[in-house]
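Participant: This is the structure, below, for whatever I ask next.
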Amino acid sequence: QGIFIAPAVVNGIVYTISDDDYIYDLNATNGSLIWSRNFFHQGTAASSPAVANDIVYFGIIWAFSTYHIVALNATNGSTIWGYSFGVITMSSPAVAGGVVYVGAHNYKVYALNATNGSWIWNYTTGGAVSSSPAVANNVVYVGSNDNKIYALNATTGSLIWSYTTGGIVASPAVAGGIVYVGSGDNNVYAFYTDTILPYIAFGAGTENNNTAFNR
């Protein structure tokens, strides 16, 4: 079966998910199998795993699955907890400060306790959230199929700012105080983390088609 999901590599271990509905835990040096788990009874995984504090987190794509995000013991693959959204998730989870942040196709972004999976908050966008969140300085940045990028307070889930692009927004990345994100309108946007105004937009497929905006 194919492997179309990016792996996670932590402490010399590769965590990867295959279309055969298994998650594999491999030695990063020699590729030997440490453990594997089959999730055929749960549904196919469609998000990249995230690993933090010896726990592996990943989302499930099947709407009728028992769980839609699962936390496994990174040492032996045993299930620690699972949480159901009632819909699929293709969003790869982000873990920060003991909290798991993940989007779902019910238009919501969730914050769950990383240890036991208990609900902390959720925020409702205007479209399915396939984008994977990025977390920096207590702010969650995430795109939505409503063509917006959102900045949410990581503690409370309250909206800090949002910006409407011309297409479905991809997964953001944060570096050096700037949020970078691609959009279905063929642009890549860059935002200062402390303002809703874009710093720059670059049109994909063209040369020098970049527009700077006033801060």
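Letters A, B, ... mark the chains of the structure tokens in the order given; residue numbers begin at 1 per chain; ligand numbers begin at 1, in order shown.
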As number ranges by chain, please: the residues near Asn116 in chain A (cut-off 9 Å, only C-alpha atoms, same-chain neighbours under 6 positions excluded).

Facilitator: A: 71, 80-82

Participant: Could you pull out all residues of chain A with a DSSP call of strand (DSSP E or B) and give them as a VMD selection string?

Facilitator: chain A and resid 8 to 10 13 to 17 22 to 27 33 to 38 45 50 to 52 55 to 60 69 to 73 79 to 83 94 to 96 99 to 103 108 to 113 119 to 124 134 to 136 139 to 143 148 to 153 159 to 164 169 173 to 175 178 to 183 187 to 192 198 to 203 210 to 212

Participant: How would the residues just chosen look if you wrote them out with C-alpha atoms as an mmCIF file, in the first residue's frame?

Facilitator:
```cif
data_model
loop_
_atom_site.group_PDB
_atom_site.id
_atom_site.type_symbol
_atom_site.label_atom_id
_atom_site.label_comp_id
_atom_site.auth_asym_id
_atom_site.auth_seq_id
_atom_site.Cartn_x
_atom_site.Cartn_y
_atom_site.Cartn_z
ATOM 1 C CA ALA A 8 7.083 12.432 12.166
ATOM 2 C CA VAL A 9 10.618 11.795 13.418
ATOM 3 C CA VAL A 10 11.287 12.168 17.138
ATOM 4 C CA ILE A 13 11.993 7.023 15.844
ATOM 5 C CA VAL A 14 9.974 7.412 12.621
ATOM 6 C CA TYR A 15 6.176 7.406 12.962
ATOM 7 C CA THR A 16 4.444 6.867 9.625
ATOM 8 C CA ILE A 17 0.928 5.971 8.457
ATOM 9 C CA TYR A 22 -1.492 0.769 9.867
ATOM 10 C CA ILE A 23 0.637 3.217 11.802
ATOM 11 C CA TYR A 24 4.253 2.088 11.941
ATOM 12 C CA ASP A 25 6.923 2.890 14.512
ATOM 13 C CA LEU A 26 10.352 2.397 12.926
ATOM 14 C CA ASN A 27 13.951 2.754 14.033
ATOM 15 C CA LEU A 33 9.958 -2.250 13.031
ATOM 16 C CA ILE A 34 9.400 -1.406 16.694
ATOM 17 C CA TRP A 35 5.617 -1.681 16.694
ATOM 18 C CA SER A 36 2.593 -1.248 14.426
ATOM 19 C CA ARG A 37 -1.135 -0.775 14.946
ATOM 20 C CA ASN A 38 -4.009 -1.480 12.561
ATOM 21 C CA ALA A 45 -5.840 8.096 8.882
ATOM 22 C CA ALA A 50 2.354 14.654 15.836
ATOM 23 C CA VAL A 51 4.524 13.394 18.708
ATOM 24 C CA ALA A 52 4.958 15.080 22.072
ATOM 25 C CA ILE A 55 2.359 10.353 22.837
ATOM 26 C CA VAL A 56 1.500 10.049 19.129
ATOM 27 C CA TYR A 57 -1.541 11.995 17.873
ATOM 28 C CA PHE A 58 -3.269 11.652 14.484
ATOM 29 C CA GLY A 59 -6.660 12.151 12.857
ATOM 30 C CA ILE A 60 -9.080 9.653 11.273
ATOM 31 C CA ILE A 69 -8.396 11.886 16.698
ATOM 32 C CA VAL A 70 -6.396 9.227 18.521
ATOM 33 C CA ALA A 71 -3.561 9.410 21.058
ATOM 34 C CA LEU A 72 -1.238 6.402 21.282
ATOM 35 C CA ASN A 73 1.572 5.497 23.643
ATOM 36 C CA THR A 79 -4.383 3.630 22.891
ATOM 37 C CA ILE A 80 -4.351 6.349 25.548
ATOM 38 C CA TRP A 81 -7.458 8.230 24.445
ATOM 39 C CA GLY A 82 -9.668 9.062 21.489
ATOM 40 C CA TYR A 83 -12.083 11.902 20.747
ATOM 41 C CA ALA A 94 -0.423 20.538 16.583
ATOM 42 C CA VAL A 95 0.661 20.092 20.194
ATOM 43 C CA ALA A 96 1.767 22.994 22.386
ATOM 44 C CA VAL A 99 -2.902 21.062 24.412
ATOM 45 C CA VAL A 100 -3.720 19.398 21.071
ATOM 46 C CA TYR A 101 -5.102 21.730 18.389
ATOM 47 C CA VAL A 102 -6.827 20.232 15.332
ATOM 48 C CA GLY A 103 -9.442 21.141 12.734
ATOM 49 C CA LYS A 108 -14.578 23.751 13.934
ATOM 50 C CA VAL A 109 -11.102 24.102 15.409
ATOM 51 C CA TYR A 110 -10.666 22.125 18.624
ATOM 52 C CA ALA A 111 -8.385 22.385 21.637
ATOM 53 C CA LEU A 112 -8.112 19.149 23.633
ATOM 54 C CA ASN A 113 -6.157 18.213 26.716
ATOM 55 C CA TRP A 119 -12.436 19.166 25.560
ATOM 56 C CA ILE A 120 -11.064 22.631 26.344
ATOM 57 C CA TRP A 121 -12.667 24.804 23.639
ATOM 58 C CA ASN A 122 -13.751 24.902 20.033
ATOM 59 C CA TYR A 123 -14.132 27.748 17.551
ATOM 60 C CA THR A 124 -16.504 27.613 14.572
ATOM 61 C CA ALA A 134 0.331 26.314 13.708
ATOM 62 C CA VAL A 135 0.861 27.584 17.257
ATOM 63 C CA ALA A 136 3.193 30.396 18.312
ATOM 64 C CA VAL A 139 -1.863 32.061 19.224
ATOM 65 C CA VAL A 140 -3.322 29.351 16.978
ATOM 66 C CA TYR A 141 -3.161 30.108 13.248
ATOM 67 C CA VAL A 142 -5.325 27.982 10.981
ATOM 68 C CA GLY A 143 -6.909 28.157 7.539
ATOM 69 C CA LYS A 148 -10.035 32.750 5.640
ATOM 70 C CA ILE A 149 -7.015 32.448 7.875
ATOM 71 C CA TYR A 150 -7.808 32.732 11.573
ATOM 72 C CA ALA A 151 -5.709 33.758 14.565
ATOM 73 C CA LEU A 152 -7.210 32.399 17.789
ATOM 74 C CA ASN A 153 -6.243 32.792 21.418
ATOM 75 C CA LEU A 159 -10.891 35.266 17.772
ATOM 76 C CA ILE A 160 -7.929 37.639 17.613
ATOM 77 C CA TRP A 161 -8.144 38.363 13.885
ATOM 78 C CA SER A 162 -9.095 36.800 10.572
ATOM 79 C CA TYR A 163 -8.306 37.652 6.963
ATOM 80 C CA THR A 164 -10.247 36.694 3.838
ATOM 81 C CA VAL A 169 -6.497 28.494 2.827
ATOM 82 C CA ALA A 173 3.753 28.232 9.081
ATOM 83 C CA VAL A 174 5.186 30.749 11.561
ATOM 84 C CA ALA A 175 8.778 32.004 11.661
ATOM 85 C CA ILE A 178 5.552 36.313 10.443
ATOM 86 C CA VAL A 179 2.783 33.876 9.475
ATOM 87 C CA TYR A 180 3.070 32.372 5.975
ATOM 88 C CA VAL A 181 0.150 30.664 4.259
ATOM 89 C CA GLY A 182 -0.919 29.633 0.770
ATOM 90 C CA SER A 183 -4.379 30.156 -0.710
ATOM 91 C CA ASN A 187 -1.180 33.624 -3.701
ATOM 92 C CA VAL A 188 1.120 33.041 -0.781
ATOM 93 C CA TYR A 189 0.400 35.487 2.049
ATOM 94 C CA ALA A 190 2.652 36.690 4.851
ATOM 95 C CA PHE A 191 1.247 38.366 7.952
ATOM 96 C CA TYR A 192 2.913 40.009 10.890
ATOM 97 C CA PRO A 198 -0.857 41.145 5.253
ATOM 98 C CA TYR A 199 2.801 42.022 5.025
ATOM 99 C CA ILE A 200 3.130 40.685 1.509
ATOM 100 C CA ALA A 201 1.268 38.575 -1.040
ATOM 101 C CA PHE A 202 3.112 36.694 -3.764
ATOM 102 C CA GLY A 203 1.284 35.427 -6.847
ATOM 103 C CA ASN A 210 4.433 40.527 -5.127
ATOM 104 C CA THR A 211 2.467 43.256 -3.409
ATOM 105 C CA ALA A 212 3.532 44.824 -0.141
#
```

Participant: Of the residues A:Ala74, A:Ile61, A:Ala114, A:Ala46, which is the one nearest to Ser92 in chain A, using only C-alpha atoms?

Facilitator: A:Ala46

Participant: One decimal, Å: what's the distance from CA of Ser91 in chain A over to CA of Ser171 in chain A, could you say?

Facilitator: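 Here the two named atoms are 8.7 Å from each other.
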
Participant: Quote the spacing between CA of Tyr107 in chain A and CA of Gly127 in chain A in Å to one decimal place.

Facilitator: 4.8 Å

Participant: For a quick check of understanding, using only C-alpha atoms, which of A:Asn137, A:Thr125, A:Ser118, A:Pro172 has the smallest distance to Ala104 in chain A?

Facilitator: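 Among A:Asn137, A:Thr125, A:Ser118, A:Pro172, it is A:Thr125 that comes nearest to Ala104 in chain A.
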
Participant: Which value, in Å to one decimal, gives the distance between CA of Val87 in chain A and CA of Asn106 in chain A?

Facilitator: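 Going from CA of Val87 in chain A over to CA of Asn106 in chain A, I get 6.3 Å.
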
Participant: Need to verify the contact set: Gly167 in chain A, 7 Å, only C-alpha atoms, exclusion of same-chain residues closer than 6 positions in sequence. Can you return it as a ChimeraX atom specification?

Facilitator: /A:147,183-185
